[in-house]
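Heads up, structure-v4.cif below (mmCIF, C-alpha atoms):
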data_protein
loop_
_atom_site.label_atom_id
_atom_site.label_comp_id
_atom_site.auth_asym_id
_atom_site.auth_seq_id
_atom_site.Cartn_x
_atom_site.Cartn_y
_atom_site.Cartn_z
CA MET A 1 -157.93 -255.39 85.59
CA ASN A 2 -157.15 -252.47 83.35
CA ARG A 3 -158.75 -249.08 83.57
CA PHE A 4 -161.28 -249.77 80.74
CA ASN A 5 -162.66 -252.86 82.41
CA GLN A 6 -162.95 -251.09 85.75
CA LEU A 7 -164.95 -248.26 84.12
CA THR A 8 -167.27 -250.74 82.41
CA VAL A 9 -168.00 -252.63 85.65
CA LEU A 10 -168.68 -249.34 87.50
CA THR A 11 -171.11 -248.20 84.77
CA VAL A 12 -173.08 -251.45 84.93
CA ILE A 13 -173.36 -251.19 88.76
CA VAL A 14 -174.69 -247.60 88.57
CA MET A 15 -177.24 -248.47 85.88
CA PHE A 16 -178.44 -251.48 87.90
CA SER A 17 -178.85 -249.31 91.02
CA VAL A 18 -180.84 -246.64 89.13
CA ALA A 19 -183.14 -249.30 87.64
CA ARG A 20 -183.85 -250.81 91.06
CA GLU A 21 -184.62 -247.38 92.55
CA ARG A 22 -187.01 -246.59 89.71
CA ASP A 23 -188.87 -249.87 90.14
CA SER A 24 -189.14 -249.23 93.89
CA ILE A 25 -190.71 -245.77 93.38
CA ALA A 26 -193.12 -247.15 90.78
CA GLY A 27 -194.27 -249.85 93.21
CA GLN A 28 -195.07 -247.28 95.91
CA ALA A 29 -197.19 -245.04 93.60
CA PRO A 30 -200.98 -245.25 94.21
CA PRO A 31 -202.88 -247.17 91.57
CA GLN A 32 -204.63 -245.05 88.97
CA SER A 33 -208.34 -245.43 88.57
CA ALA A 34 -209.39 -247.37 85.55
CA VAL A 35 -210.98 -245.40 82.74
CA THR A 36 -213.94 -247.11 81.20
CA ASN A 37 -216.11 -246.27 78.25
CA SER A 38 -219.37 -246.55 80.26
CA PRO A 39 -221.37 -243.26 80.50
CA VAL A 40 -221.50 -241.52 83.86
CA LYS A 41 -225.04 -240.74 84.90
CA VAL A 42 -225.51 -237.55 86.91
CA GLU A 43 -228.92 -237.22 88.52
CA SER A 44 -229.98 -233.60 88.97
CA GLU A 45 -231.83 -232.71 92.12
CA ARG A 46 -235.29 -231.33 91.59
CA VAL A 47 -236.08 -228.34 93.73
CA GLU A 48 -239.83 -228.25 94.07
CA GLN A 49 -241.28 -224.85 94.76
CA LYS A 50 -243.63 -224.84 97.71
CA SER A 51 -247.16 -223.76 96.79
CA THR A 52 -248.33 -220.39 98.10
CA ILE A 53 -251.98 -221.32 97.47
CA TRP A 54 -252.65 -224.96 98.32
CA GLN A 55 -252.07 -226.85 101.54
CA SER A 56 -250.86 -230.04 99.80
CA GLY A 57 -251.79 -229.89 96.12
CA ILE A 58 -254.71 -228.77 93.98
CA GLY A 59 -258.05 -229.46 95.64
CA GLU A 60 -256.59 -230.34 99.06
CA GLY A 61 -257.60 -227.08 100.72
CA PHE A 62 -256.25 -223.54 100.56
CA LEU A 63 -253.51 -222.04 102.70
CA PRO A 64 -254.59 -219.18 105.02
CA THR A 65 -252.54 -216.75 102.90
CA ALA A 66 -254.30 -217.63 99.61
CA GLN A 67 -256.03 -214.75 97.85
CA ASP A 68 -257.93 -214.40 94.59
CA PHE A 69 -259.37 -211.96 92.10
CA SER A 70 -262.46 -212.80 90.04
CA ILE A 71 -264.22 -211.32 87.06
CA GLU A 72 -267.66 -212.66 86.12
CA ALA A 73 -270.49 -211.73 83.77
CA GLY A 74 -273.99 -213.03 83.38
CA PHE A 75 -277.70 -212.41 83.20
CA ALA A 76 -280.26 -212.29 85.97
CA PRO A 77 -283.87 -212.92 84.99
CA GLY A 78 -286.31 -211.30 87.36
CA ILE A 79 -288.99 -213.15 89.28
CA ALA A 80 -292.18 -211.49 90.53
CA THR A 81 -292.23 -213.06 93.98
CA PHE A 82 -291.89 -212.22 97.67
CA GLY A 83 -294.17 -209.22 97.14
CA SER A 84 -292.68 -207.70 93.97
CA ARG A 85 -295.11 -206.95 91.11
CA GLN A 86 -292.72 -207.02 88.14
CA SER A 87 -289.89 -209.14 86.79
CA HIS A 88 -286.77 -206.99 86.50
CA ASP A 89 -284.36 -208.64 84.04
CA LEU A 90 -280.73 -207.62 84.55
CA ALA A 91 -277.36 -208.03 82.80
CA LEU A 92 -274.47 -207.95 85.30
CA LEU A 93 -270.69 -207.65 85.50
CA SER A 94 -268.88 -208.51 88.75
CA LEU A 95 -265.38 -207.86 90.12
CA ALA A 96 -264.39 -209.47 93.42
CA TYR A 97 -261.41 -209.87 95.73
CA GLY A 98 -261.17 -212.80 98.14
CA HIS A 99 -258.93 -213.86 101.04
CA MET A 100 -259.03 -217.17 102.92
CA LEU A 101 -260.07 -216.83 106.55
CA GLY A 102 -257.71 -219.35 108.13
CA GLY A 103 -256.69 -222.89 107.31
CA VAL A 104 -258.64 -225.99 106.32
CA LYS A 105 -261.63 -226.85 108.50
CA GLY A 106 -263.26 -230.25 109.08
CA GLU A 107 -260.25 -232.48 108.44
CA GLY A 108 -261.36 -236.07 107.94
CA HIS A 109 -264.97 -235.12 107.10
CA TRP A 110 -266.91 -234.72 103.84
CA TYR A 111 -267.32 -230.99 104.46
CA ARG A 112 -263.55 -230.32 104.72
CA GLY A 113 -262.72 -226.90 103.26
CA ASN A 114 -261.96 -223.19 103.77
CA PHE A 115 -263.94 -220.12 104.69
CA GLU A 116 -263.24 -217.13 102.47
CA GLY A 117 -264.04 -213.44 102.89
CA ARG A 118 -264.90 -211.64 99.66
CA LEU A 119 -265.69 -208.08 98.59
CA GLU A 120 -267.65 -207.70 95.35
CA LEU A 121 -268.32 -204.69 93.16
CA TYR A 122 -271.04 -205.38 90.61
CA GLY A 123 -272.87 -203.31 88.09
CA GLY A 124 -275.02 -203.53 85.01
CA GLY A 125 -278.41 -202.62 83.79
CA GLN A 126 -282.03 -203.59 83.59
CA TYR A 127 -283.08 -204.47 80.04
CA SER A 128 -286.70 -205.39 80.78
CA PRO A 129 -289.34 -204.09 81.37
CA GLU A 130 -287.37 -200.91 80.60
CA ALA A 131 -283.71 -199.87 80.48
CA ASP A 132 -282.15 -198.68 83.75
CA TRP A 133 -278.91 -198.94 85.72
CA VAL A 134 -277.74 -200.71 88.87
CA ILE A 135 -274.48 -200.81 90.86
CA GLY A 136 -273.69 -202.44 94.20
CA LEU A 137 -270.99 -203.26 96.74
CA THR A 138 -271.36 -206.47 98.75
CA PRO A 139 -269.21 -208.30 101.33
CA HIS A 140 -269.56 -212.09 101.07
CA LEU A 141 -268.73 -215.12 103.17
CA ARG A 142 -267.90 -218.17 101.04
CA TYR A 143 -267.13 -221.78 101.93
CA ASN A 144 -264.90 -223.70 99.49
CA PHE A 145 -265.01 -227.51 99.74
CA ALA A 146 -261.69 -229.40 99.58
CA THR A 147 -262.54 -232.30 97.26
CA GLY A 148 -259.04 -233.43 96.34
CA THR A 149 -259.87 -232.77 92.67
CA ARG A 150 -259.79 -229.81 90.29
CA TRP A 151 -263.52 -229.26 90.92
CA ILE A 152 -264.08 -227.07 93.99
CA PRO A 153 -267.77 -226.44 94.80
CA PHE A 154 -268.78 -223.60 97.10
CA PHE A 155 -271.71 -221.88 98.70
CA ASP A 156 -271.84 -218.17 99.38
CA ALA A 157 -273.91 -215.53 101.17
CA GLY A 158 -273.63 -211.74 101.25
CA ALA A 159 -275.36 -208.50 102.18
CA GLY A 160 -274.50 -205.03 100.90
CA VAL A 161 -275.72 -201.78 99.40
CA THR A 162 -277.04 -200.92 95.95
CA ALA A 163 -277.70 -197.78 93.96
CA THR A 164 -280.17 -198.07 91.08
CA GLY A 165 -282.41 -196.13 88.79
CA ILE A 166 -285.09 -198.82 88.91
CA GLY A 167 -288.20 -197.30 90.43
CA ARG A 168 -291.88 -197.94 90.97
CA PRO A 169 -293.85 -200.06 91.49
CA ASP A 170 -291.30 -202.27 93.31
CA LEU A 171 -288.55 -199.78 94.30
CA SER A 172 -288.87 -196.13 95.17
CA GLY A 173 -285.40 -194.66 95.77
CA THR A 174 -281.85 -194.67 94.50
CA PHE A 175 -280.44 -196.27 97.67
CA GLU A 176 -281.28 -199.95 98.28
CA PHE A 177 -279.86 -202.88 100.20
CA ASN A 178 -279.07 -206.20 98.56
CA LEU A 179 -279.13 -209.74 99.94
CA GLN A 180 -277.47 -212.58 98.04
CA ALA A 181 -277.12 -216.36 98.26
CA ALA A 182 -275.21 -218.52 95.77
CA VAL A 183 -273.95 -221.99 94.97
CA GLY A 184 -271.25 -222.63 92.39
CA VAL A 185 -268.12 -224.46 91.37
CA ARG A 186 -264.55 -223.61 90.38
CA TRP A 187 -262.69 -225.78 87.88
CA PHE A 188 -258.93 -225.33 88.09
CA LEU A 189 -257.09 -225.19 84.78
CA ARG A 190 -253.84 -224.99 86.72
CA GLU A 191 -252.75 -224.30 90.28
CA ASN A 192 -253.61 -220.60 90.25
CA LEU A 193 -256.29 -220.26 87.56
CA ALA A 194 -259.89 -221.46 87.61
CA LEU A 195 -263.07 -221.11 85.61
CA THR A 196 -266.07 -220.21 87.77
CA SER A 197 -269.80 -220.68 87.37
CA GLU A 198 -272.53 -219.98 89.89
CA ALA A 199 -276.25 -219.56 90.37
CA ARG A 200 -277.14 -216.64 92.60
CA PHE A 201 -280.32 -215.28 94.16
CA ILE A 202 -280.38 -211.47 94.53
CA HIS A 203 -282.93 -209.44 96.45
CA MET A 204 -282.98 -205.62 96.42
CA SER A 205 -285.10 -203.49 98.73
CA CYS A 206 -284.71 -200.43 100.95
CA GLY A 207 -285.56 -202.03 104.29
CA GLY A 208 -288.48 -199.69 104.82
CA ILE A 209 -286.47 -196.45 104.52
CA HIS A 210 -288.94 -195.20 101.93
CA SER A 211 -292.09 -196.46 100.26
CA PRO A 212 -293.00 -198.49 98.29
CA ASN A 213 -290.67 -201.26 99.43
CA LEU A 214 -291.89 -204.31 97.54
CA GLY A 215 -288.40 -205.23 96.34
CA ALA A 216 -286.87 -206.71 93.19
CA ASN A 217 -285.80 -210.36 92.98
CA ASN A 218 -283.50 -212.08 90.49
CA VAL A 219 -281.87 -215.44 89.85
CA ALA A 220 -278.47 -214.73 88.25
CA LEU A 221 -276.34 -217.15 86.24
CA MET A 222 -272.74 -215.94 86.36
CA PHE A 223 -269.66 -217.21 84.51
CA GLY A 224 -266.07 -216.04 84.80
CA VAL A 225 -262.45 -216.64 85.66
CA THR A 226 -260.52 -216.44 88.95
CA TRP A 227 -256.79 -215.85 89.49
CA PHE A 228 -255.20 -217.02 92.74
CA PHE A 229 -252.05 -215.77 94.45
CA GLY A 230 -250.38 -215.98 97.85
CA LYS A 231 -247.55 -214.65 99.98
#
Kindly present the structure from the file in structure tokens form.
Amino acid sequence: MNRFNQLTVLTVIVMFSVARERDSIAGQAPPQSAVTNSPVKVESERVEQKSTIWQSGIGEGFLPTAQDFSIEAGFAPGIATFGSRQSHDLALLSLAYGHMLGGVKGEGHWYRGNFEGRLELYGGGQYSPEADWVIGLTPHLRYNFATGTRWIPFFDAGAGVTATGIGRPDLSGTFEFNLQAAVGVRWFLRENLALTSEARFIHMSCGGIHSPNLGANNVALMFGVTWFFGK
């Protein structure tokens, strides 16, 4: 065999060896994942913010840390009763701060709800039988029913102090006490905002500090809005 033939045979052997080695490496490579045209759906996780007001949703009872601020306005027709001689008609504006006094009470019962401590500053004026002024500061104890709806009824009672220019024949001094009792309802527009309406009985008298002490009595209809917040 001449030199040319030997070179040709050697070249063919080398090429055959390289081809076999390449096929061997390709066979050991991990299979590539198939690429399809189907869309990949990525589900985002929803991070729900825990309420700072409600125990488990609107109407299910307030958390102990829930607080509120209310502004209300209304009119209070006077009634000549319980010893008073005149009807003292009032127009009133009220500002109040409230804080829940612990968690939900009465679980499993119709009266399930929260006690709330409130401090109210109210003021306004008498427009009949004559114009005069009145201002008062009253602590209240309120009970809010947990109805499981956006409608939250309540009842309320308070006792405080009043300063007024209303005088005889029913009142006789600037300093008076006030007693109040109310029923009402809050309708929640959203988690932390509610419209409020209530009917309230108000009695003013001096407790016998001076005379006369017949007292002034009113039935007030109040309407307003309440903002809620928590820690």
* In Å, with one decimal, what is the gap from CA of Phe145 in chain A to CA of Val185 in chain A? -> 9.4 Å
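Distance annotation: of A:His99, A:Arg85, A:Arg150, A:Arg200, the residue with the minimal separation from Pro212 in chain A is A:Arg85; atom set is all atoms listed in the file.
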* Structure fact -> One residue among A:Met204, A:Gly123, A:Glu191, A:Ala80 is nearest to Ile53 in chain A when using all atoms listed in the file, and that residue is A:Glu191
* Step by step, work through what the PyMOL selection byres ((chain A and resi 138) around 9) selects in the shown file, and finish by giving those residues as a PyMOL selection string. => chain A and resi 118-122+136-137+139-140+158-162+178-180
* Asked: Exactly which residues make up the result of the PyMOL selection byres ((chain A and resi 128-130) around 9) on this file, given as a ChimeraX atom specification?
  -> /A:78,86-90,126-127,131-132,166
* Check what the PyMOL selection byres ((chain A and resi 205) around 10) selects in the file above and give those residues as a ChimeraX atom specification. => /A:84,161-162,170-173,175-179,203-204,206-210,212-217
Taking 6 positions as the minimum chain separation for residues in the same chain, which residues sit within 8 Å of Lys231 in chain A when counting only C-alpha atoms? Answer as a PDB file with C-alpha atoms, keeping the file's coordinate frame.
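Listed below is the output, selection-v3.pdb:
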ATOM      1  CA  THR A  52    -248.330-220.390  98.100  1.00  0.00           C
ATOM      2  CA  THR A  65    -252.540-216.750 102.900  1.00  0.00           C
ATOM      3  CA  ALA A  66    -254.300-217.630  99.610  1.00  0.00           C
TER       4      ALA A  66
END
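In this structure, CA of Ala157 in chain A sits 12.3 Å away from CA of Asn144 in chain A.
For the pair CA of His109 in chain A and CA of Gly59 in chain A, the interatomic distance is 14.5 Å.
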* Structure fact -> Min atom-atom distance to Tyr97 in chain A from the set A:Leu195, A:Gly61, A:Phe75, A:Phe228, counting only C-alpha atoms, belongs to A:Phe228
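You can rank A:Ile71, A:Phe82, A:Trp133, A:Leu63 by their closest distance to Phe115 in chain A using only C-alpha atoms, and at the top of that list sits A:Leu63.
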Draw an axis-aligned box tight on the listed atoms of range 54-62 of chain A, then pad every side by 3 Å and write out centre and edge lengths in Å to one decimal as lines of an AutoDock Vina configuration file.
center_x = -254.5
center_y = -226.9
center_z = 97.8
size_x = 13.2
size_y = 12.8
size_z = 13.6
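Using all atoms listed in the file, the residues found no farther than 7 Å from Lys105 in chain A, other than those of its own chain fewer than 3 positions away, are Arg112, Gly113 and Asn114 of chain A.
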* **Nearby residues (all atoms listed in the file) at most 7 Å from Leu101 in chain A, same-chain spacing under 3 positions excluded, as number ranges by chain** => A: 64, 115-117
Written selection (C-alpha atoms) as a PDB file, keeping the file's coordinate frame:
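Saved the output as part_9.pdb:
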ATOM      1  CA  PRO A  64    -254.590-219.180 105.020  1.00  0.00           C
ATOM      2  CA  PHE A 115    -263.940-220.120 104.690  1.00  0.00           C
ATOM      3  CA  GLU A 116    -263.240-217.130 102.470  1.00  0.00           C
ATOM      4  CA  GLY A 117    -264.040-213.440 102.890  1.00  0.00           C
TER       5      GLY A 117
END
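Compared by their closest atoms to Thr147 in chain A, and using only C-alpha atoms, the residues A:Gly124, A:Pro77, A:Arg186, A:Ser211 rank with A:Arg186 nearest.
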